[in-house]
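Asks: Just so it is clear, I am handing over run_33.txt, which has compact mmCIF, C-alpha atoms.
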# COMPACT_ATOMS: atom_id res chain seq x y z
CA MET A 1 -8.19 47.16 -14.51
CA ASN A 2 -10.92 48.26 -16.92
CA GLN A 3 -10.13 51.40 -18.90
CA LYS A 4 -13.05 53.73 -19.57
CA PHE A 5 -12.75 55.68 -22.82
CA ALA A 6 -14.58 58.77 -23.97
CA VAL A 7 -14.40 59.38 -27.72
CA ILE A 8 -14.54 63.07 -28.67
CA ILE A 9 -15.50 63.84 -32.26
CA VAL A 10 -15.59 67.31 -33.82
CA THR A 11 -17.58 67.61 -37.04
CA TYR A 12 -18.42 70.30 -39.55
CA ASN A 13 -20.26 69.83 -42.86
CA ARG A 14 -18.90 66.38 -43.67
CA LEU A 15 -21.95 64.24 -43.10
CA GLU A 16 -20.94 61.19 -45.12
CA LEU A 17 -17.54 61.02 -43.46
CA LEU A 18 -19.17 61.48 -40.05
CA LYS A 19 -21.49 58.52 -40.69
CA GLU A 20 -18.50 56.32 -41.48
CA CYS A 21 -16.59 57.66 -38.46
CA LEU A 22 -19.47 56.81 -36.11
CA GLU A 23 -19.79 53.34 -37.59
CA CYS A 24 -16.11 52.78 -36.77
CA ILE A 25 -16.90 53.72 -33.17
CA ARG A 26 -19.78 51.24 -33.09
CA GLN A 27 -17.51 48.45 -34.37
CA GLN A 28 -14.87 48.80 -31.64
CA LYS A 29 -13.93 45.51 -29.99
CA LEU A 30 -13.64 47.50 -26.77
CA GLU A 31 -16.76 49.63 -26.49
CA PRO A 32 -16.14 53.20 -25.35
CA ASN A 33 -17.67 54.34 -22.12
CA SER A 34 -19.04 57.50 -23.72
CA VAL A 35 -19.06 59.36 -27.04
CA VAL A 36 -19.18 63.15 -27.23
CA ILE A 37 -19.94 64.77 -30.58
CA ILE A 38 -19.43 68.48 -31.20
CA ASP A 39 -21.34 69.72 -34.25
CA ASN A 40 -19.71 72.98 -35.29
CA HIS A 41 -22.94 74.52 -36.63
CA SER A 42 -23.08 72.31 -39.73
CA THR A 43 -25.45 73.27 -42.53
CA ASP A 44 -25.44 70.03 -44.56
CA GLY A 45 -28.02 68.03 -42.60
CA THR A 46 -25.55 66.82 -39.95
CA GLY A 47 -27.69 68.14 -37.11
CA GLU A 48 -30.83 66.40 -38.33
CA TYR A 49 -28.94 63.15 -38.83
CA LEU A 50 -27.32 63.21 -35.40
CA ASN A 51 -30.61 63.92 -33.64
CA SER A 52 -32.17 60.94 -35.42
CA ILE A 53 -29.65 58.23 -34.44
CA PRO A 54 -30.57 55.88 -31.55
CA GLU A 55 -27.50 56.66 -29.44
CA ILE A 56 -28.44 60.35 -29.26
CA LYS A 57 -32.19 59.77 -28.90
CA ASP A 58 -31.54 57.34 -26.04
CA ASN A 59 -29.00 59.70 -24.39
CA LYS A 60 -26.29 57.07 -24.73
CA TRP A 61 -24.08 59.53 -26.57
CA ILE A 62 -23.68 63.24 -25.91
CA LEU A 63 -24.28 65.85 -28.62
CA LYS A 64 -23.52 69.55 -28.46
CA THR A 65 -24.51 71.73 -31.39
CA GLU A 66 -22.59 75.00 -31.46
CA SER A 67 -24.45 78.22 -32.29
CA GLN A 68 -21.64 79.10 -34.72
CA ASN A 69 -18.53 77.48 -36.16
CA ILE A 70 -15.89 77.84 -33.44
CA GLY A 71 -13.29 75.82 -35.33
CA GLY A 72 -11.58 72.60 -34.43
CA SER A 73 -9.85 74.10 -31.40
CA GLY A 74 -13.11 75.35 -29.93
CA GLY A 75 -14.75 72.03 -30.69
CA PHE A 76 -12.09 70.00 -28.90
CA TYR A 77 -12.15 72.42 -25.96
CA ASP A 78 -15.91 71.99 -25.54
CA GLY A 79 -15.75 68.26 -26.19
CA MET A 80 -13.09 67.68 -23.55
CA LYS A 81 -14.98 69.80 -21.04
CA LEU A 82 -18.15 67.78 -21.54
CA SER A 83 -16.20 64.52 -21.39
CA MET A 84 -14.71 65.44 -18.03
CA ASP A 85 -18.25 65.31 -16.64
CA THR A 86 -18.41 61.61 -17.48
CA ASP A 87 -16.63 58.93 -15.44
CA SER A 88 -14.17 58.22 -18.27
CA ASP A 89 -10.44 57.76 -17.56
CA TRP A 90 -9.12 58.25 -21.09
CA PHE A 91 -10.09 60.61 -23.90
CA LEU A 92 -9.68 59.83 -27.61
CA LEU A 93 -9.64 62.88 -29.89
CA ILE A 94 -10.64 62.66 -33.56
CA ASP A 95 -12.20 64.68 -36.34
CA ASP A 96 -15.04 63.34 -38.45
CA ASP A 97 -12.63 62.17 -41.16
CA ALA A 98 -10.74 59.80 -38.84
CA MET A 99 -11.68 56.13 -39.18
CA ILE A 100 -10.27 54.07 -36.32
CA ALA A 101 -9.75 50.35 -36.87
CA PRO A 102 -11.97 47.98 -34.84
CA ASP A 103 -9.09 47.07 -32.49
CA TYR A 104 -7.90 50.67 -31.95
CA LEU A 105 -9.13 51.08 -28.36
CA LYS A 106 -8.26 47.49 -27.52
CA LEU A 107 -4.62 47.90 -28.61
CA ILE A 108 -4.31 51.26 -26.85
CA THR A 109 -5.64 49.61 -23.68
CA GLU A 110 -3.00 46.88 -23.86
CA SER A 111 -0.28 49.52 -24.11
CA ILE A 112 -1.81 51.49 -21.22
CA ILE A 113 -1.53 48.40 -19.04
CA SER A 114 2.08 47.87 -20.15
CA HIS A 115 3.05 51.50 -19.44
CA PRO A 116 1.38 52.53 -16.17
CA LYS A 117 3.38 55.77 -15.93
CA ILE A 118 2.53 57.01 -19.44
CA LEU A 119 -0.47 59.34 -19.65
CA ALA A 120 -0.70 59.92 -23.41
CA PHE A 121 -0.97 57.46 -26.31
CA SER A 122 -1.78 57.39 -30.02
CA GLY A 123 -1.98 55.13 -33.04
CA THR A 124 -0.62 55.17 -36.56
CA VAL A 125 -2.23 57.61 -39.00
CA VAL A 126 -2.50 56.43 -42.61
CA THR A 127 -3.94 58.09 -45.70
CA ASP A 128 -4.36 56.13 -48.93
CA ASN A 129 -2.54 53.22 -47.23
CA LYS A 130 0.55 55.33 -46.54
CA ILE A 131 1.79 56.33 -43.09
CA VAL A 132 1.48 60.08 -42.53
CA THR A 133 4.46 60.82 -40.30
CA GLU A 134 3.71 64.52 -39.64
CA HIS A 135 1.20 63.59 -36.93
CA ARG A 136 3.93 62.28 -34.58
CA ARG A 137 6.96 64.50 -33.96
CA ARG A 138 9.82 65.02 -31.55
CA LEU A 139 11.12 68.29 -30.19
CA ASN A 140 14.82 68.86 -29.75
CA LYS A 141 16.06 72.14 -31.12
CA TYR A 142 13.45 71.80 -33.87
CA GLU A 143 10.28 69.87 -34.56
CA VAL A 144 11.21 66.64 -36.38
CA VAL A 145 8.79 63.99 -37.61
CA VAL A 146 9.34 60.47 -36.34
CA ASP A 147 11.04 58.48 -39.08
CA GLU A 148 8.81 55.99 -40.87
CA LYS A 149 11.28 53.21 -40.00
CA GLU A 150 10.25 53.46 -36.35
CA TYR A 151 6.76 52.31 -37.31
CA LEU A 152 8.28 48.89 -37.96
CA ASN A 153 8.69 48.49 -34.18
CA ASP A 154 5.85 47.73 -31.80
CA GLU A 155 5.81 51.32 -30.50
CA PHE A 156 7.87 54.45 -29.98
CA GLU A 157 7.96 57.44 -27.64
CA TYR A 158 7.66 60.98 -28.94
CA ASP A 159 6.73 64.53 -27.87
CA LEU A 160 4.28 66.29 -30.17
CA SER A 161 1.03 64.75 -31.37
CA SER A 162 -1.77 65.93 -33.57
CA PHE A 163 -5.28 65.39 -32.22
CA CYS A 164 -5.77 62.73 -34.90
CA GLY A 165 -6.11 59.64 -32.74
CA ALA A 166 -4.46 61.05 -29.62
CA VAL A 167 -5.52 59.53 -26.29
CA VAL A 168 -4.91 61.39 -23.03
CA ASN A 169 -5.58 60.49 -19.42
CA ARG A 170 -7.85 62.46 -17.12
CA LYS A 171 -4.79 63.40 -15.03
CA VAL A 172 -3.35 65.23 -18.05
CA ILE A 173 -6.38 67.47 -18.34
CA GLU A 174 -6.50 68.04 -14.59
CA THR A 175 -2.84 69.09 -14.68
CA VAL A 176 -2.43 71.12 -17.90
CA GLY A 177 -6.01 72.19 -18.57
CA PHE A 178 -7.87 72.26 -21.89
CA PRO A 179 -6.64 73.12 -25.40
CA GLU A 180 -6.51 76.75 -26.52
CA ARG A 181 -10.15 77.42 -27.40
CA ASP A 182 -9.48 80.57 -29.41
CA PHE A 183 -6.95 79.16 -31.89
CA PHE A 184 -9.91 78.39 -34.19
CA ILE A 185 -7.90 75.93 -36.29
CA TRP A 186 -4.38 74.50 -36.57
CA TYR A 187 -1.52 74.14 -34.09
CA ASP A 188 -3.84 73.77 -31.09
CA ASP A 189 -2.74 70.14 -30.83
CA THR A 190 0.96 71.02 -30.91
CA GLU A 191 0.54 73.73 -28.27
CA TYR A 192 -1.35 71.24 -26.12
CA SER A 193 1.42 68.66 -26.62
CA LEU A 194 3.96 71.20 -25.39
CA ARG A 195 2.02 71.34 -22.13
CA ILE A 196 1.64 67.57 -21.95
CA MET A 197 5.44 67.23 -22.15
CA SER A 198 5.58 68.47 -18.55
CA VAL A 199 3.72 65.39 -17.32
CA SER A 200 4.25 62.60 -19.87
CA LYS A 201 5.72 61.44 -23.13
CA PHE A 202 3.41 60.08 -25.86
CA VAL A 203 3.62 56.41 -26.80
CA ASN A 204 2.53 55.52 -30.32
CA VAL A 205 1.03 52.04 -30.60
CA ASN A 206 2.00 51.20 -34.16
CA ALA A 207 -0.51 48.40 -34.70
CA ALA A 208 -3.42 50.68 -33.76
CA VAL A 209 -4.33 52.19 -37.13
CA LEU A 210 -6.43 55.20 -38.01
CA ASN A 211 -7.41 55.88 -41.63
CA HIS A 212 -7.38 59.66 -42.08
CA LYS A 213 -9.63 60.32 -45.07
CA THR A 214 -8.37 63.75 -45.96
CA LYS A 215 -5.97 65.47 -48.31
CA ASN A 216 -2.57 66.05 -46.73
CA SER A 217 -1.86 69.69 -46.00
CA SER A 218 0.66 71.61 -43.97
CA VAL A 219 0.72 75.05 -42.42
CA ALA A 220 4.25 75.39 -43.70
CA ALA A 221 3.35 74.55 -47.27
CA LYS A 222 4.56 77.17 -49.69
CA GLU A 223 1.52 78.67 -51.34
CA THR A 224 3.12 81.94 -52.41
CA LYS A 225 2.43 81.48 -56.15
CA SER A 226 -1.31 81.72 -55.47
CA LYS A 227 -3.48 83.20 -52.76
CA MET A 228 -2.71 81.59 -49.44
CA ASN A 229 -5.43 79.43 -47.95
CA TRP A 230 -7.36 81.15 -45.14
CA LYS A 231 -6.15 78.41 -42.76
CA THR A 232 -2.58 79.61 -43.21
CA TYR A 233 -3.35 82.78 -41.27
CA TYR A 234 -4.47 80.82 -38.21
CA GLY A 235 -1.59 78.38 -38.45
CA TYR A 236 1.06 81.11 -38.63
CA ARG A 237 -0.59 83.19 -35.91
CA ASN A 238 -0.97 80.24 -33.57
CA ILE A 239 2.62 79.10 -34.10
CA ILE A 240 3.94 82.53 -33.11
CA TYR A 241 1.64 82.76 -30.10
CA SER A 242 2.61 79.25 -28.94
CA HIS A 243 6.35 79.84 -29.25
CA LEU A 244 6.07 83.02 -27.21
CA LYS A 245 3.89 81.30 -24.62
CA HIS A 246 6.39 78.45 -24.19
CA ASN A 247 9.55 80.61 -24.30
CA MET A 248 10.58 79.26 -27.70
CA VAL A 249 11.12 82.63 -29.37
CA TYR A 250 14.36 81.58 -31.08
CA LEU A 251 12.68 78.55 -32.64
CA GLY A 252 9.81 80.69 -33.91
CA ILE A 253 12.08 83.30 -35.48
CA ARG A 254 14.73 80.90 -36.79
CA CYS A 255 12.42 78.25 -38.24
CA HIS A 256 9.38 80.25 -39.26
CA VAL A 257 9.33 84.05 -39.32
CA PHE A 258 12.40 84.59 -41.50
CA SER A 259 11.29 81.91 -43.94
CA TRP A 260 7.72 83.17 -44.21
CA LEU A 261 8.74 86.79 -44.75
CA LYS A 262 11.48 85.90 -47.22
CA ASP A 263 9.09 83.92 -49.39
CA VAL A 264 6.38 86.57 -49.59
CA ILE A 265 8.80 89.48 -50.04
CA VAL A 266 10.61 87.68 -52.87
CA ASP A 267 7.26 87.09 -54.55
CA CYS A 268 6.35 90.77 -54.21
CA LEU A 269 9.54 91.63 -56.09
CA ASN A 270 8.92 89.06 -58.79
CA PRO A 271 7.32 90.76 -61.84
CA ASN A 272 5.97 87.40 -63.05
CA ILE A 273 3.68 87.02 -60.02
CA ASN A 274 0.36 88.80 -59.89
CA LYS A 275 0.78 91.83 -57.61
CA GLU A 276 -2.66 91.45 -56.08
CA ILE A 277 -1.83 87.91 -55.01
CA SER A 278 1.67 88.66 -53.72
CA GLN A 279 0.46 91.67 -51.72
CA TYR A 280 -2.43 89.67 -50.27
CA ASN A 281 -0.01 86.99 -49.13
CA LEU A 282 2.42 89.53 -47.66
CA LYS A 283 -0.39 91.17 -45.68
CA LEU A 284 -1.66 87.79 -44.45
CA VAL A 285 1.77 86.77 -43.16
CA ILE A 286 2.49 90.12 -41.47
CA THR A 287 -0.98 90.19 -39.89
CA ALA A 288 -0.58 86.62 -38.61
CA ILE A 289 2.83 87.38 -37.09
CA PHE A 290 1.70 90.54 -35.33
CA ASP A 291 -1.59 89.01 -34.14
CA GLY A 292 0.39 86.10 -32.69
CA ILE A 293 2.78 88.47 -30.93
CA ARG A 294 -0.11 90.50 -29.52
CA GLY A 295 -2.08 87.42 -28.50
CA LYS A 296 -4.98 88.47 -30.71
CA LEU A 297 -6.70 85.12 -31.02
CA GLY A 298 -10.20 84.03 -31.97
CA PHE A 299 -11.90 84.14 -35.36
CA ASN A 300 -10.74 86.77 -37.84
CA GLU A 301 -13.47 87.93 -40.23
CA LYS A 302 -10.89 88.54 -42.97
CA TYR A 303 -9.91 84.88 -42.98
CA ARG A 304 -13.06 82.81 -42.93
CA PRO A 305 -13.77 79.29 -44.29
Any chance you could give the structure as structure tokens?
Replies:
Amino acid sequence: MNQKFAVIIVTYNRLELLKECLECIRQQKLEPNSVVIIDNHSTDGTGEYLNSIPEIKDNKWILKTESQNIGGSGGFYDGMKLSMDTDSDWFLLIDDDAMIAPDYLKLITESIISHPKILAFSGTVVTDNKIVTEHRRRLNKYEVVVDEKEYLNDEFEYDLSSFCGAVVNRKVIETVGFPERDFFIWYDDTEYSLRIMSVSKFVNVNAAVLNHKTKNSSVAAKETKSKMNWKTYYGYRNIIYSHLKHNMVYLGIRCHVFSWLKDVIVDCLNPNINKEISQYNLKLVITAIFDGIRGKLGFNEKYRP
């Protein structure tokens, strides 16, 4: 049976990476059925470039240019909605900094055929030739990354995937809906994975490789000695909201809230740390927690890119 893939790409102000990403799509041994590109209101010439390429001019690929930056979560929401209007069966999700190997879709297809009951797949994410394990995690009492040793096998099952190279079936979207549009950025993929768990495990196809050309970062990274990155607000808020939504309050409090508050409060009491910075961080964390509890999502003007 032929598998029809839609590739969904969200881009924002990374034109050179986007060009390389699109070239990787063109070089696939198994050509995708459709390509949907969401331009998040880029200002670096991305729009002009995309409107000049043959695939867009000939209506072979689909382009949506947002009127404002709605973040990665909004971009994937819109991209998946548009893709559902095509006759594709499977949907590959990537950002513009994700370079899939030429055999990526081919290897995923082989695994799809081998696992007819599985509705979600992925490949191996590498950065600087090293496997980045945080993209594939399991959920027991806590979120735990899949050990790098498991990548020595042909494949493995797991629960929580980032959107970096994730592939989901149309039935998944019909059953659990679209990602949270108003998360803006971070944790939208984990929240979506929590919903996918009700219908399917993920299978990671270890030989299918994606080169993620980005600096590694984590929402849980301790940045309390300097001003926290604006992304941290959205990550913390979205974690709290997701844990409440999925009745995981204990996990949210035990693994996150206590740790976040302890770190920023300790810094506020440390005379060697700039008070302006420590108070900014304390306010960010408290605001994120309470906004998550209240379900106050969307873009926050105080924390902009």
Asks: What is the atom CA of A:Ile289-atom CA of A:Lys201 distance in Å, reported with one decimal?
Replies: 29.6 Å
Asks: If we count all atoms listed in the file and set the cut-off at 10 Å, which residues sit around A:Val203, ignoring sequence neighbours fewer than 3 positions away in its own chain? Please answer as a ChimeraX atom specification.
Replies: /A:108,111-112,115,118-123,136,155-159,161,166-167,200,206
Asks: Would you mind exporting the chosen residues as a PDB file, keeping the file's coordinate frame, restricted to C-alpha atoms?
Replies:
ATOM      1  CA  ILE A 108      -4.310  51.260 -26.850  1.00  0.00           C
ATOM      2  CA  SER A 111      -0.280  49.520 -24.110  1.00  0.00           C
ATOM      3  CA  ILE A 112      -1.810  51.490 -21.220  1.00  0.00           C
ATOM      4  CA  HIS A 115       3.050  51.500 -19.440  1.00  0.00           C
ATOM      5  CA  ILE A 118       2.530  57.010 -19.440  1.00  0.00           C
ATOM      6  CA  LEU A 119      -0.470  59.340 -19.650  1.00  0.00           C
ATOM      7  CA  ALA A 120      -0.700  59.920 -23.410  1.00  0.00           C
ATOM      8  CA  PHE A 121      -0.970  57.460 -26.310  1.00  0.00           C
ATOM      9  CA  SER A 122      -1.780  57.390 -30.020  1.00  0.00           C
ATOM     10  CA  GLY A 123      -1.980  55.130 -33.040  1.00  0.00           C
ATOM     11  CA  ARG A 136       3.930  62.280 -34.580  1.00  0.00           C
ATOM     12  CA  GLU A 155       5.810  51.320 -30.500  1.00  0.00           C
ATOM     13  CA  PHE A 156       7.870  54.450 -29.980  1.00  0.00           C
ATOM     14  CA  GLU A 157       7.960  57.440 -27.640  1.00  0.00           C
ATOM     15  CA  TYR A 158       7.660  60.980 -28.940  1.00  0.00           C
ATOM     16  CA  ASP A 159       6.730  64.530 -27.870  1.00  0.00           C
ATOM     17  CA  SER A 161       1.030  64.750 -31.370  1.00  0.00           C
ATOM     18  CA  ALA A 166      -4.460  61.050 -29.620  1.00  0.00           C
ATOM     19  CA  VAL A 167      -5.520  59.530 -26.290  1.00  0.00           C
ATOM     20  CA  SER A 200       4.250  62.600 -19.870  1.00  0.00           C
ATOM     21  CA  ASN A 206       2.000  51.200 -34.160  1.00  0.00           C
TER      22      ASN A 206
END
Asks: To one decimal in Å, tell me the separation between atom CA of A:Asn51 and atom CA of A:Tyr12.
Replies: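 Going from atom CA of A:Asn51 over to atom CA of A:Tyr12, I get 15.0 Å.
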Asks: Would you mind listing what lies within 10 Å of A:Trp186 as a list in words, with all atoms listed in the file counted and same-chain residues fewer than 3 positions away left out?
Replies: Gly71, Gly72, Ser73, Ser162, Phe183, Asp189, Thr190, Glu191, Ser218, Val219, Lys231, Thr232, Tyr233, Tyr234, Gly235, Tyr236, Arg237, Asn238 and Ile239 of chain A
Asks: Work out how far atom CA of A:Lys245 is from atom CA of A:Gly298, in Å to one decimal.
Replies: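 Computed distance, atom CA of A:Gly298 to atom CA of A:Lys245, equals 16.1 Å.
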Asks: Write out as a list in words the residues lying within 7 Å of A:Val145, counting all atoms listed in the file and excluding same-chain residues fewer than 5 positions away.
Replies: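 Contacts, with the query itself left out: Thr133, Glu134, Arg136, Arg137 and Arg138 of chain A.
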Asks: Point out the residue among A:Leu282, A:Leu82, A:Leu22, A:Leu261 with the least atom-to-atom distance to A:Phe178, counting only C-alpha atoms.
Replies: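 Result for the nearest residue to A:Phe178: A:Leu82.
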Asks: Could you rebuild stretch 136-153 of chain A with N, CA, C and O atoms and give it back as a compact mmCIF listing (two decimals), keeping the file's coordinate frame?
Replies:
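Written file, part-v2.txt:
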# COMPACT_ATOMS: atom_id res chain seq x y z
N ARG A 136 3.14 62.67 -35.75
CA ARG A 136 3.93 62.28 -34.58
C ARG A 136 5.34 62.85 -34.73
O ARG A 136 6.09 62.46 -35.64
N ARG A 137 5.69 63.78 -33.82
CA ARG A 137 6.96 64.50 -33.96
C ARG A 137 7.71 64.56 -32.63
O ARG A 137 7.12 64.39 -31.56
N ARG A 138 9.00 64.81 -32.74
CA ARG A 138 9.82 65.02 -31.55
C ARG A 138 10.33 66.45 -31.54
O ARG A 138 10.45 67.09 -32.59
N LEU A 139 10.61 66.93 -30.35
CA LEU A 139 11.12 68.29 -30.19
C LEU A 139 12.50 68.23 -29.55
O LEU A 139 12.66 67.76 -28.43
N ASN A 140 13.48 68.68 -30.30
CA ASN A 140 14.82 68.86 -29.75
C ASN A 140 15.10 70.34 -29.89
O ASN A 140 14.51 71.16 -29.21
N LYS A 141 15.95 70.73 -30.80
CA LYS A 141 16.06 72.14 -31.12
C LYS A 141 14.95 72.55 -32.09
O LYS A 141 14.53 73.70 -32.14
N TYR A 142 14.49 71.57 -32.88
CA TYR A 142 13.45 71.80 -33.87
C TYR A 142 12.40 70.71 -33.76
O TYR A 142 12.60 69.69 -33.10
N GLU A 143 11.28 70.91 -34.43
CA GLU A 143 10.28 69.87 -34.56
C GLU A 143 10.70 68.93 -35.68
O GLU A 143 10.96 69.38 -36.79
N VAL A 144 10.78 67.63 -35.39
CA VAL A 144 11.21 66.64 -36.38
C VAL A 144 10.22 65.49 -36.37
O VAL A 144 9.90 64.94 -35.30
N VAL A 145 9.73 65.11 -37.54
CA VAL A 145 8.79 63.99 -37.61
C VAL A 145 9.51 62.69 -37.26
O VAL A 145 10.71 62.54 -37.51
N VAL A 146 8.79 61.78 -36.64
CA VAL A 146 9.34 60.47 -36.34
C VAL A 146 9.53 59.71 -37.64
O VAL A 146 8.61 59.63 -38.47
N ASP A 147 10.71 59.16 -37.84
CA ASP A 147 11.04 58.48 -39.08
C ASP A 147 10.11 57.28 -39.29
O ASP A 147 9.77 56.56 -38.35
N GLU A 148 9.73 57.08 -40.55
CA GLU A 148 8.81 55.99 -40.87
C GLU A 148 9.36 54.63 -40.47
O GLU A 148 8.60 53.68 -40.20
N LYS A 149 10.68 54.49 -40.39
CA LYS A 149 11.28 53.21 -40.00
C LYS A 149 10.87 52.81 -38.59
O LYS A 149 10.81 51.61 -38.28
N GLU A 150 10.61 53.78 -37.73
CA GLU A 150 10.25 53.46 -36.35
C GLU A 150 8.87 52.82 -36.25
O GLU A 150 8.54 52.21 -35.22
N TYR A 151 8.07 52.96 -37.30
CA TYR A 151 6.76 52.31 -37.31
C TYR A 151 6.86 50.81 -37.53
O TYR A 151 5.87 50.09 -37.42
N LEU A 152 8.06 50.33 -37.83
CA LEU A 152 8.28 48.89 -37.96
C LEU A 152 8.40 48.22 -36.59
O LEU A 152 8.26 47.00 -36.48
N ASN A 153 8.64 49.01 -35.55
CA ASN A 153 8.69 48.49 -34.18
C ASN A 153 7.28 48.37 -33.63
O ASN A 153 6.30 48.75 -34.27
